[in-house]
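S.K.: Sending over protein_25.txt (compact mmCIF, C-alpha atoms).
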# COMPACT_ATOMS: atom_id res chain seq x y z
CA MET A 40 -19.80 -50.90 90.08
CA GLY A 41 -23.02 -49.24 88.90
CA GLU A 42 -21.62 -45.84 89.74
CA GLU A 43 -18.51 -46.50 87.67
CA VAL A 44 -20.58 -47.49 84.66
CA ARG A 45 -22.66 -44.35 85.08
CA ASN A 46 -19.52 -42.19 85.18
CA ASN A 47 -18.12 -43.83 82.04
CA LYS A 48 -21.38 -43.25 80.25
CA GLN A 49 -21.39 -39.61 81.28
CA GLU A 50 -17.84 -39.18 80.00
CA GLU A 51 -18.78 -40.86 76.74
CA ASN A 52 -21.79 -38.58 76.28
CA PHE A 53 -19.60 -35.53 77.06
CA GLU A 54 -17.03 -36.55 74.46
CA GLN A 55 -19.74 -37.18 71.86
CA GLY A 56 -21.26 -33.80 72.58
CA GLN A 57 -17.86 -32.16 72.32
CA ASP A 58 -17.17 -33.88 68.99
CA LYS A 59 -20.56 -32.79 67.67
CA GLU A 60 -19.89 -29.21 68.72
CA GLU A 61 -16.47 -29.24 67.03
CA LYS A 62 -18.03 -30.61 63.83
CA GLU A 63 -20.68 -27.91 63.85
CA VAL A 64 -18.03 -25.22 64.37
CA LYS A 65 -15.93 -26.65 61.56
CA MET A 66 -18.92 -26.83 59.21
CA ALA A 67 -19.81 -23.25 60.08
CA GLU A 68 -16.25 -22.12 59.32
CA GLU A 69 -16.22 -23.99 55.98
CA LYS A 70 -19.55 -22.43 55.05
CA GLU A 71 -18.25 -18.98 55.90
CA GLU A 72 -15.09 -19.58 53.81
CA LYS A 73 -17.19 -20.65 50.82
CA GLU A 74 -19.36 -17.57 51.11
CA GLU A 75 -16.23 -15.37 51.23
CA GLU A 76 -14.82 -17.10 48.14
CA LYS A 77 -18.13 -16.63 46.37
CA LYS A 78 -18.02 -12.91 47.15
CA LEU A 79 -14.54 -12.68 45.60
CA GLU A 80 -15.68 -14.32 42.33
CA ILE A 81 -16.47 -11.67 39.68
CA SER A 82 -17.00 -11.78 35.93
CA GLU A 83 -14.48 -10.49 33.36
CA GLU A 84 -16.77 -7.57 32.55
CA GLU A 85 -16.95 -6.59 36.22
CA LEU A 86 -13.18 -6.96 36.56
CA GLU A 87 -12.57 -4.75 33.51
CA LYS A 88 -15.01 -2.15 34.86
CA LEU A 89 -13.27 -2.13 38.24
CA CYS A 90 -9.87 -1.75 36.57
CA LYS A 91 -11.06 1.24 34.57
CA GLU A 92 -12.52 2.84 37.68
CA LYS A 93 -9.55 2.17 39.93
CA ILE A 94 -6.59 2.84 37.59
CA CYS A 95 -5.47 6.43 37.84
CA PRO A 96 -5.79 8.31 34.51
CA ASN A 97 -2.42 9.91 35.14
CA CYS A 98 -0.70 6.61 35.90
CA PRO A 99 2.64 6.50 33.94
CA GLU A 100 2.12 2.84 33.05
CA ARG A 101 -1.31 3.60 31.63
CA ARG A 102 -0.04 6.57 29.60
CA SER A 103 2.83 4.49 28.27
CA MET A 104 0.47 1.70 27.27
CA GLN A 105 -1.90 4.14 25.53
CA ASP A 106 1.00 5.76 23.65
CA GLN A 107 2.20 2.36 22.52
CA ILE A 108 -1.30 1.42 21.29
CA LEU A 109 -1.54 4.70 19.35
CA ARG A 110 1.88 4.09 17.73
CA ILE A 111 0.90 0.57 16.71
CA LYS A 112 -2.36 1.83 15.20
CA ALA A 113 -0.53 4.61 13.32
CA ASP A 114 2.08 2.15 11.97
CA ALA A 115 -0.65 -0.23 10.83
CA ASP A 116 -2.54 2.60 9.11
CA ASN A 117 0.62 3.84 7.35
CA PHE A 118 1.44 0.31 6.21
CA ARG A 119 -2.07 -0.13 4.81
CA LYS A 120 -1.89 3.19 2.93
CA ARG A 121 1.57 2.35 1.54
CA MET A 122 0.37 -1.01 0.28
CA GLU A 123 -2.65 0.63 -1.37
CA ARG A 124 -0.38 3.18 -3.12
CA GLU A 125 2.00 0.46 -4.32
CA LYS A 126 -0.93 -1.60 -5.61
CA GLU A 127 -2.36 1.42 -7.43
CA ILE A 128 1.01 2.23 -9.05
CA PHE A 129 1.53 -1.40 -10.05
CA CYS A 130 -1.90 -1.60 -11.69
CA LYS A 131 -1.41 1.78 -13.37
CA TYR A 132 1.89 0.85 -15.03
CA ALA A 133 1.46 -2.94 -15.28
CA THR A 134 1.62 -2.81 -19.11
CA GLU A 135 4.76 -0.62 -19.23
CA LYS A 136 7.21 -3.38 -20.19
CA VAL A 137 4.95 -4.83 -22.90
CA LEU A 138 4.31 -1.41 -24.43
CA GLU A 139 8.02 -0.64 -24.40
CA ASP A 140 8.71 -3.83 -26.36
CA ILE A 141 6.08 -2.84 -28.97
CA LEU A 142 7.64 0.59 -29.69
CA PRO A 143 10.24 -0.77 -32.19
CA VAL A 144 7.33 -2.23 -34.20
CA LEU A 145 5.76 1.24 -34.39
CA ASP A 146 9.13 2.74 -35.37
CA ASN A 147 9.56 0.30 -38.24
CA LEU A 148 6.03 0.88 -39.52
CA GLU A 149 6.59 4.65 -39.49
CA LEU A 150 9.90 4.22 -41.32
CA ALA A 151 8.12 2.11 -43.92
CA VAL A 152 5.61 4.94 -44.44
CA GLN A 153 8.39 7.54 -44.79
CA HIS A 154 10.30 5.55 -47.39
CA GLY A 155 7.15 4.36 -49.17
CA LYS A 156 5.95 7.92 -49.73
CA GLN A 157 9.04 8.51 -51.89
CA VAL A 158 7.93 5.81 -54.35
CA ASP A 159 4.74 6.35 -56.34
CA ALA A 160 4.21 2.63 -56.84
CA CYS A 161 3.94 2.14 -53.07
CA LYS A 162 1.03 4.54 -52.63
CA ASP A 163 -1.56 1.84 -51.80
CA LEU A 164 0.91 0.00 -49.59
CA VAL A 165 1.67 3.18 -47.65
CA GLN A 166 -2.03 3.79 -47.14
CA GLY A 167 -2.44 0.27 -45.75
CA VAL A 168 0.51 0.68 -43.37
CA GLU A 169 -0.86 4.03 -42.15
CA MET A 170 -4.19 2.38 -41.38
CA THR A 171 -2.34 -0.38 -39.51
CA ILE A 172 -0.46 2.23 -37.44
CA LYS A 173 -3.73 3.99 -36.58
CA ILE A 174 -5.44 0.76 -35.50
CA LEU A 175 -2.39 -0.25 -33.46
CA MET A 176 -2.17 3.17 -31.73
CA ASP A 177 -5.91 3.14 -30.95
CA THR A 178 -5.48 -0.27 -29.34
CA LEU A 179 -2.39 0.75 -27.36
CA LYS A 180 -4.10 3.93 -26.13
CA LYS A 181 -6.60 1.72 -24.32
CA HIS A 182 -3.64 0.41 -22.31
CA GLY A 183 -2.31 3.88 -21.49
CA LEU A 184 0.14 4.55 -24.33
CA GLU A 185 0.24 8.11 -25.66
CA LYS A 186 2.44 9.67 -28.32
CA ILE A 187 4.46 12.71 -27.26
CA GLU A 188 3.40 15.22 -29.89
CA THR A 189 6.63 16.77 -31.20
CA LYS A 190 7.20 18.79 -34.34
CA GLU A 191 9.74 21.14 -35.87
CA GLY A 192 9.69 24.55 -34.20
CA ASP A 193 8.56 23.31 -30.77
CA LYS A 194 10.59 24.44 -27.79
CA PHE A 195 13.00 21.80 -26.55
CA ASP A 196 11.80 20.26 -23.25
CA PRO A 197 14.34 17.98 -21.51
CA ALA A 198 11.50 16.29 -19.61
CA VAL A 199 10.12 14.73 -22.82
CA HIS A 200 12.87 15.28 -25.42
CA GLU A 201 16.35 13.82 -25.87
CA ALA A 202 18.77 16.03 -27.82
CA LEU A 203 20.95 14.03 -30.23
CA ALA A 204 22.78 17.01 -31.68
CA GLU A 205 22.64 20.73 -32.38
CA GLU A 206 21.81 21.99 -35.86
CA GLU A 207 22.48 25.48 -37.17
CA ARG A 208 19.28 27.04 -38.52
CA GLU A 209 18.61 30.62 -39.50
CA ASP A 210 14.85 30.18 -39.59
CA LEU A 211 14.52 28.84 -36.03
CA GLU A 212 15.15 30.27 -32.59
CA THR A 213 17.96 28.76 -30.54
CA GLY A 214 16.71 25.95 -28.33
CA THR A 215 13.88 24.84 -30.57
CA ILE A 216 13.45 21.48 -32.27
CA SER A 217 14.81 21.42 -35.80
CA LYS A 218 14.20 17.76 -36.64
CA VAL A 219 12.41 14.79 -35.05
CA MET A 220 14.49 11.65 -35.45
CA GLN A 221 12.34 9.28 -33.40
CA ASN A 222 8.91 9.71 -31.83
CA GLY A 223 8.56 9.65 -28.05
CA TYR A 224 5.86 7.97 -26.01
CA LYS A 225 4.53 8.01 -22.48
CA ILE A 226 2.32 5.73 -20.44
CA LYS A 227 -0.27 7.84 -18.66
CA ASP A 228 1.82 10.56 -16.94
CA ARG A 229 5.18 8.72 -17.11
CA VAL A 230 7.62 9.09 -20.02
CA LEU A 231 8.18 5.68 -21.56
CA ARG A 232 10.66 6.93 -24.15
CA PRO A 233 11.64 10.55 -24.86
CA ALA A 234 11.44 11.87 -28.40
CA LYS A 235 14.90 11.97 -30.02
CA VAL A 236 15.46 15.31 -31.72
CA PHE A 237 17.93 17.78 -33.19
CA VAL A 238 18.00 21.16 -31.49
CA SER A 239 18.51 24.39 -33.43
CA LYS A 240 21.09 27.05 -32.77
CA LYS A 241 21.89 30.32 -34.52
CA ILE A 242 24.46 30.18 -37.29
CA SER A 243 27.78 31.47 -36.09
CA LYS A 244 28.91 34.69 -37.83
CA ASN A 245 32.43 33.35 -37.98
Any chance you could put this one into structure tokens?
M.R.:
Amino acid sequence: MGEEVRNNKQEENFEQGQDKEEKEVKMAEEKEEKEEEKKLEISEEELEKLCKEKICPNCPERRSMQDQILRIKADADNFRKRMEREKEIFCKYATEKVLEDILPVLDNLELAVQHGKQVDACKDLVQGVEMTIKILMDTLKKHGLEKIETKEGDKFDPAVHEALAEEEREDLETGTISKVMQNGYKIKDRVLRPAKVFVSKKISKN
């Protein structure tokens, strides 16, 4: 009876020792796994550095990606420059429509001066209208309006003149301006309205 109890106790101690050993082995394995996982953990900076070091410079995928990045940058730069040009043009000619609407006012004032000069009683009135035209032109110049200087005898230029008709003149060369019917204007370097003129031609012998 005592021997049986002793044997059972020995078996129990053996099993406990075996369980303890298995636990220790398992804990050691878990510790080793954690250490391995810790070794595999790297920061984003380290990962990026490793990628740059390991990726082959001649890799087709890398070249394709770099080409695509360059194209995107070039497109963005071109878009920015185009928008800047469009903004500059818009600001430069922003007053074009308003100035164009004011031109008939200038035309009527100039007609009033022409007709008034034919009447002696209108001398003071003509002088007042001429001063008004000068003040108005000085103001419009600040917004980019310029008169296209055109006079009889100037060479006809289709870029700034509009020919209404030909006029036979002995005293003028063919292709020169014989009469200015309506003044032309431009806004900065753009023609707002060409000057309307008659163009001279030699009198036919027939």
S.K.: List the neighbours of Val144 (chain A) out to 12 Å using all atoms listed in the file; skip same-chain residues closer than 3 positions along the sequence, and give me the result as a ChimeraX atom specification.
M.R.: /A:137-141,147-151,168,171-172,175-176
S.K.: For region 199-201 of chain A, find every residue with an atom within 8 Å (counting all atoms listed in the file), except residues of its own chain fewer than 2 positions away, and show them as a list in words.
M.R.: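 Surrounding residues, per the criterion: Ile187, Phe195, Asp196, Pro197, Leu203, Gly223, Val230, Arg232, Pro233, Ala234, Lys235 and Val236 of chain A.
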S.K.: CA of Gln153 (chain A) to CA of Leu231 (chain A): how many Å, to one decimal?
M.R.: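 Between CA of Gln153 (chain A) and CA of Leu231 (chain A) the gap is 23.3 Å.
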S.K.: Which neighbours of Gly167 (chain A) fall inside 10 Å, counting all atoms listed in the file, when residues of the same chain fewer than 6 positions from it are skipped, and could you give them as a compact mmCIF listing (two decimals) with C-alpha atoms, keeping the file's coordinate frame?
M.R.:
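Once written, out19.txt looks like this:
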# COMPACT_ATOMS: atom_id res chain seq x y z
CA VAL A 152 5.61 4.94 -44.44
CA CYS A 161 3.94 2.14 -53.07
CA LYS A 173 -3.73 3.99 -36.58
S.K.: Residues near Ala204 (chain A), anyone? I mean within 12 Å using only C-alpha atoms, not counting same-chain ones fewer than 6 positions away, as number ranges by chain.
M.R.: A: 214-220, 235-240
